[in-house]
Number of protein chains: 2
Amino acid sequence: MANIGNAIPEKTIERLSEYRRTLLSCHKQGITHIFSHVLAGIHGITAVQVRRDLMLIGFSSDTKKGYDVKVLIDFISNILDSPQPMNVAVLGMGHLGQAITKYFNGKGLKLRITAAFDVDPAKVGQTIDGIPCYHMDRFEEIAEDLDISLVIVSSPTKVAPSLVLPIINAGIRGVLNFTSTPLNFPQGIVVENYDITTLLEKVAYFVKESEENERGSE
Amino acid sequence: MANIGNAIPEKTIERLSEYRRTLLSCHKQGITHIFSHVLAGIHGITAVQVRRDLMLIGFSSDTKKGYDVKVLIDFISNILDSPQPMNVAVLGMGHLGQAITKYFNGKGLKLRITAAFDVDPAKVGQTIDGIPCYHMDRFEEIAEDLDISLVIVSSPTKVAPSLVLPIINAGIRGVLNFTSTPLNFPQGIVVENYDITTLLEKVAYFVKESEENERGSE
C-alpha cells in the first residue's frame with residue numbers, strides 16, 4: 001500500500017493496533033501502568049521498537065511507573081480511529097466470512113460489521129451471528145443505506161473479480177481482500193490483499209532460511 | 001519477523017509468492033511469456049518494483065517477449081520452497097480452520113495440510129475436507145509421526161497460549177497465528193502473528209488518512 005503524505009509506516013500502524021489490543025486487555029484486568037519492555041515482551045519485539053513507535057506518534061509520557069495504560073489507549077485510538085465508527089460489510093459468508101464475523105462480534109471496536117452479503121439462498125435473508133445477510137445483487141443499495149465504508153472480501157476466489165465493480169459503484173473506501181486473486185481499484189480506494197497462502201509460504205521460507213543458516217554454521 | 005542472514009526482505013518474499021501464483025495461473029492458461037508491466041498491473045504495483053524484486057533474487061532473463069513464465073516459476077520456487085514438501089497442521093477446526101483447510105486442498109502446493117487438531121468430540125476422529133482431525137492431546141505424538149513442521153493456529157483466542165508448549169515440544173519450526181493473542185516462541189521457531197483486526201484497522205487508518213489528505217487539498 002502506498003504511504004500517503006506524512007503517514008506513519010504501515011508496520012508501525014500494525015503494531016499500534018496490536019499494542020492497543022494488549023493495552024485494552026490490561027485495562028480490563030485493572031492494570032493501570034505498563035513498562036515498554038513488558039509491552040515489548042508480550043509482542044516478541046524489543047523495548048526500543050516500542051519506544052520508537054510511540055515516539056513516531058508523538059507519545060512520550062513515560063513515567064517511573066511506565067506508560068499510563070488508559071492515556072496510551074486514548075492516544076493510539078486518536079491516531080488509528082476515525083471520529084465516527086466505520087461500518088464494514090463482509091462479502092461472502094462461507095467459513096471464512098463467518099469466522100471473521102464471529103470474531104468481530106461484540107468486540108466494541110470502532111469498526112462494526114453491519115452487513116453480510118452472499119448469493120446462497122440458504123444464507124440470504126438470514127441473520128448469521130447477529131449480522132443480516134443480503135443478496136449480493138443488492139450490495140450497492142444496502143451499502144448506501146447502511147453507510148458502509150469498508151468491505152472484507154471472503155468470497156470464493158473465482159467470484160472476487162466480479163465484486164470490484166459493485167465495490168467501486170457503492171463508494172467503498174477500503175477493501176481487505178482474503179481471496180487468492182489480487183484486486184485492483186482506482187486511486188482513492190485503499191486495498192490490502194492478504195492471501196493465506198502467501199502468509200504460510202513466507203513462514204515456510206524463513207524456516208528454510210533458518211535451517212540453512214544453522215547447517216551453514218555447524 | 002527478524003531478517004536472518006542475507007535473507008530477502010519480507011515484503012519481497014510476499015510478492016514472490018504472489019507472482020508465482022499469478023504465473024502458475026498464466027501457465028495453466030497456456031501463456032508462455034509475460035512482461036514485467038503486465039505482471040505489475042495484475043498486482044497493482046509498478047514494473048520497476050517487479051524488476052527490482054526479480055533482480056534481488058538474481059533473475060534477469062528478460063527477453064523481448066517478456067519473462068518466460070515456466071522458467072520464472074521454477075526460479076521463484078527454487079527460492080521459496082524447501083527441497084522436500086513441508087507438512088502443515090491446523091490447530092482449531094472452527095470456521096477459520098475449515099476455511100483454511102478447504103482453501104489449501106488440492107492446490108498442489110509444496111506445503112501440505114496433513115492433519116487437523118481440535119478438542120470438540122464432534123470433530124475429533126472425523127475427516128474434514130479430506131484432512132483427519134485428531135484430539136489436541138495427541139498433538140506431539142501425531143506431529144512426530146506425520147513429520148509436521150508448520151502449524152496454523154486458528155483456535156479460539158483464549159486457547160492459543162496453551163498451545164505454545166505443545167508446539168515447542170513437538171519440534172515445530174514455523175507458526176502462523178491468526179488469533180488475537182500474540183504468541184512468543186524461543187529463537188529458532190519462526191512466528192507470524194496475523195490478527196484480522198489489525199489488518200482491518202490498518203485499512204481503516206489509511207482510509208482515514210486519505211480522506212484527511214483530500215480535505216486538506218480542497
# chains A, B, ... in the order shown; residues from 1 in each chain; ligands from 1
$ residues_around --residues "Leu96 in chain A" --least-positions-apart "3" --cutoff "6 Å" --atoms "only C-alpha atoms" --output "list of chain:residue names"
A:Ala99, B:Leu96, B:Ala99
$ residues_around --residues "range 130-146 of chain B" --least-positions-apart "2" --cutoff "6 Å" --atoms "only C-alpha atoms" --output "CSV table (one decimal) with N, CA and C atoms, in the first residue's frame"
chain,number,residue,atom,x,y,z
B,115,ALA,N,-2.8,-32.7,8.8
B,115,ALA,CA,-3.6,-33.1,10.0
B,115,ALA,C,-4.2,-31.8,10.5
B,116,ALA,N,-5.3,-32.1,11.2
B,116,ALA,CA,-6.0,-31.0,12.0
B,116,ALA,C,-6.2,-31.5,13.4
B,117,PHE,N,-6.3,-30.5,14.3
B,117,PHE,CA,-6.5,-30.8,15.7
B,117,PHE,C,-7.6,-30.0,16.3
B,118,ASP,N,-8.3,-30.6,17.2
B,118,ASP,CA,-9.4,-29.9,17.9
B,118,ASP,C,-9.7,-30.6,19.2
B,119,VAL,N,-10.6,-30.1,20.0
B,119,VAL,CA,-11.0,-30.8,21.2
B,119,VAL,C,-12.5,-31.2,21.2
B,124,VAL,N,-13.2,-34.5,16.4
B,124,VAL,CA,-12.1,-35.5,16.6
B,124,VAL,C,-12.5,-36.8,16.1
B,125,GLY,N,-11.6,-37.4,15.3
B,125,GLY,CA,-11.9,-38.7,14.7
B,125,GLY,C,-12.5,-38.6,13.3
B,126,GLN,N,-13.0,-37.4,13.0
B,126,GLN,CA,-13.6,-37.2,11.7
B,126,GLN,C,-12.6,-36.9,10.6
B,127,THR,N,-12.9,-37.0,9.4
B,127,THR,CA,-12.1,-36.5,8.3
B,127,THR,C,-12.8,-35.3,7.8
B,128,ILE,N,-12.2,-34.1,7.9
B,128,ILE,CA,-12.9,-32.9,7.5
B,128,ILE,C,-12.2,-32.3,6.2
B,148,ILE,N,5.3,-33.2,10.9
B,148,ILE,CA,4.7,-31.8,10.8
B,148,ILE,C,5.8,-30.8,11.1
B,170,ALA,N,6.8,-30.3,20.2
B,170,ALA,CA,6.7,-31.2,19.0
B,170,ALA,C,7.8,-30.8,18.0
$ residues_around --residues "Lys110 in chain B" --least-positions-apart "3" --cutoff "8 Å" --atoms "only C-alpha atoms" --output "number ranges by chain"
B: 81-82, 84-86
$ write_last_selection --atoms "N, CA and C atoms" --output "compact mmCIF listing (two decimals), in the first residue's frame"
# COMPACT_ATOMS: atom_id res chain seq x y z
N ASP B 81 10.75 -22.55 -1.96
CA ASP B 81 10.40 -23.88 -1.46
C ASP B 81 11.58 -24.63 -0.87
N SER B 82 11.26 -25.44 0.11
CA SER B 82 12.24 -26.41 0.59
C SER B 82 12.32 -27.53 -0.43
N GLN B 84 12.15 -30.68 0.13
CA GLN B 84 11.05 -31.59 0.47
C GLN B 84 9.78 -30.77 0.76
N PRO B 85 8.60 -31.32 0.43
CA PRO B 85 7.36 -30.66 0.84
C PRO B 85 7.33 -30.55 2.36
N MET B 86 6.70 -29.50 2.88
CA MET B 86 6.57 -29.36 4.33
C MET B 86 5.15 -29.71 4.72
$ select_by_dssp --residues "range 172-218 of chain A" --states "alpha helix (DSSP H)" --output "list of chain:residue names"
A:Ile196, A:Thr197, A:Thr198, A:Leu199, A:Leu200, A:Glu201, A:Lys202, A:Val203, A:Ala204, A:Tyr205, A:Phe206, A:Val207, A:Lys208, A:Glu209, A:Ser210, A:Glu211, A:Glu212, A:Asn213, A:Glu214, A:Arg215, A:Gly216
$ atom_distance --atom1 "CA of Val153 in chain B" --atom2 "CA of Val207 in chain A"
16.5 Å
$ closest_residue --among "A:Asp53, A:Asp129, A:Glu18, A:Glu214" --to "Thr101 in chain A" --atoms "only C-alpha atoms"
A:Asp129
$ select_by_dssp --residues "range 57-110 of chain B" --states "strand (DSSP E or B)" --output "number ranges by chain"
B: 63, 66-68, 86-91
$ write_last_selection --atoms "N, CA, C and O atoms" --output "PDB file, in the first residue's frame"
ATOM      1  N   THR B  63      13.370 -11.002 -21.834  1.00  0.00           N
ATOM      2  CA  THR B  63      13.598 -11.042 -23.281  1.00  0.00           C
ATOM      3  C   THR B  63      12.634 -10.073 -23.947  1.00  0.00           C
ATOM      4  O   THR B  63      11.831  -9.427 -23.271  1.00  0.00           O
ATOM      5  N   GLY B  66       9.246 -10.745 -23.010  1.00  0.00           N
ATOM      6  CA  GLY B  66       8.955 -10.692 -21.576  1.00  0.00           C
ATOM      7  C   GLY B  66       9.603 -11.873 -20.873  1.00  0.00           C
ATOM      8  O   GLY B  66      10.457 -12.570 -21.438  1.00  0.00           O
ATOM      9  N   TYR B  67       9.194 -12.113 -19.635  1.00  0.00           N
ATOM     10  CA  TYR B  67       9.743 -13.250 -18.875  1.00  0.00           C
ATOM     11  C   TYR B  67       9.161 -14.564 -19.383  1.00  0.00           C
ATOM     12  O   TYR B  67       7.962 -14.626 -19.688  1.00  0.00           O
ATOM     13  N   ASP B  68       9.978 -15.596 -19.425  1.00  0.00           N
ATOM     14  CA  ASP B  68       9.499 -16.947 -19.699  1.00  0.00           C
ATOM     15  C   ASP B  68       8.774 -17.443 -18.437  1.00  0.00           C
ATOM     16  O   ASP B  68       9.383 -17.606 -17.384  1.00  0.00           O
ATOM     17  N   MET B  86       6.703 -29.500   2.883  1.00  0.00           N
ATOM     18  CA  MET B  86       6.574 -29.355   4.333  1.00  0.00           C
ATOM     19  C   MET B  86       5.151 -29.706   4.723  1.00  0.00           C
ATOM     20  O   MET B  86       4.194 -29.286   4.061  1.00  0.00           O
ATOM     21  N   ASN B  87       5.025 -30.440   5.806  1.00  0.00           N
ATOM     22  CA  ASN B  87       3.698 -30.801   6.289  1.00  0.00           C
ATOM     23  C   ASN B  87       3.206 -29.780   7.306  1.00  0.00           C
ATOM     24  O   ASN B  87       3.956 -29.328   8.165  1.00  0.00           O
ATOM     25  N   VAL B  88       1.932 -29.475   7.179  1.00  0.00           N
ATOM     26  CA  VAL B  88       1.323 -28.422   7.980  1.00  0.00           C
ATOM     27  C   VAL B  88       0.161 -29.004   8.772  1.00  0.00           C
ATOM     28  O   VAL B  88      -0.595 -29.819   8.243  1.00  0.00           O
ATOM     29  N   ALA B  89       0.021 -28.577  10.026  1.00  0.00           N
ATOM     30  CA  ALA B  89      -1.159 -28.951  10.809  1.00  0.00           C
ATOM     31  C   ALA B  89      -1.962 -27.704  11.152  1.00  0.00           C
ATOM     32  O   ALA B  89      -1.390 -26.634  11.376  1.00  0.00           O
ATOM     33  N   VAL B  90      -3.273 -27.880  11.186  1.00  0.00           N
ATOM     34  CA  VAL B  90      -4.172 -26.790  11.557  1.00  0.00           C
ATOM     35  C   VAL B  90      -4.657 -27.034  12.981  1.00  0.00           C
ATOM     36  O   VAL B  90      -5.220 -28.093  13.262  1.00  0.00           O
ATOM     37  N   LEU B  91      -4.403 -26.066  13.873  1.00  0.00           N
ATOM     38  CA  LEU B  91      -4.821 -26.229  15.264  1.00  0.00           C
ATOM     39  C   LEU B  91      -6.092 -25.417  15.496  1.00  0.00           C
ATOM     40  O   LEU B  91      -6.044 -24.191  15.635  1.00  0.00           O
TER      41      LEU B  91
END
$ residues_around --residues "Leu72 in chain B" --least-positions-apart "2" --cutoff "9 Å" --atoms "only C-alpha atoms" --output "MDAnalysis selection string"
chainID B and resid 20 23 59 61 67:70 74:77
$ closest_residue --among "B:Val71, B:Gly92, B:Lys11, B:Thr179" --to "His33 in chain B" --atoms "only C-alpha atoms"
B:Val71
$ atom_distance --atom1 "CA of Ile172 in chain B" --atom2 "CA of Ser149 in chain B"
4.8 Å
$ closest_residue --among "B:Ser60, B:Ser17, B:Ser162, B:Gln187" --to "chain A" --atoms "only C-alpha atoms"
B:Ser17
$ residues_around --residues "Thr157 in chain B" --least-positions-apart "6" --cutoff "10 Å" --atoms "only C-alpha atoms" --output "list in words"
Tyr103 of chain A; Asn177, Phe178, Thr179, Ser180, Thr181 and Pro182 of chain B
$ write_last_selection --atoms "N, CA, C and O atoms" --output "compact mmCIF listing (two decimals), in the first residue's frame"
# COMPACT_ATOMS: atom_id res chain seq x y z
N TYR A 103 -15.71 -13.38 15.07
CA TYR A 103 -14.53 -12.84 15.69
C TYR A 103 -14.73 -11.38 16.11
O TYR A 103 -14.31 -10.96 17.18
N ASN B 177 -0.05 -17.59 13.18
CA ASN B 177 -1.04 -17.43 14.23
C ASN B 177 -2.11 -16.41 13.84
O ASN B 177 -1.80 -15.24 13.64
N PHE B 178 -3.36 -16.87 13.76
CA PHE B 178 -4.45 -15.97 13.38
C PHE B 178 -5.28 -15.50 14.57
O PHE B 178 -6.29 -14.84 14.38
N THR B 179 -4.92 -15.88 15.77
CA THR B 179 -5.72 -15.45 16.92
C THR B 179 -5.33 -14.03 17.35
O THR B 179 -4.36 -13.48 16.84
N SER B 180 -6.07 -13.48 18.32
CA SER B 180 -5.78 -12.11 18.78
C SER B 180 -4.66 -12.06 19.80
O SER B 180 -4.31 -10.97 20.27
N THR B 181 -4.16 -13.19 20.24
CA THR B 181 -3.09 -13.19 21.23
C THR B 181 -1.76 -13.37 20.52
O THR B 181 -1.56 -14.38 19.85
N PRO B 182 -0.86 -12.39 20.63
CA PRO B 182 0.45 -12.63 20.03
C PRO B 182 1.13 -13.79 20.75
O PRO B 182 1.10 -13.86 21.98
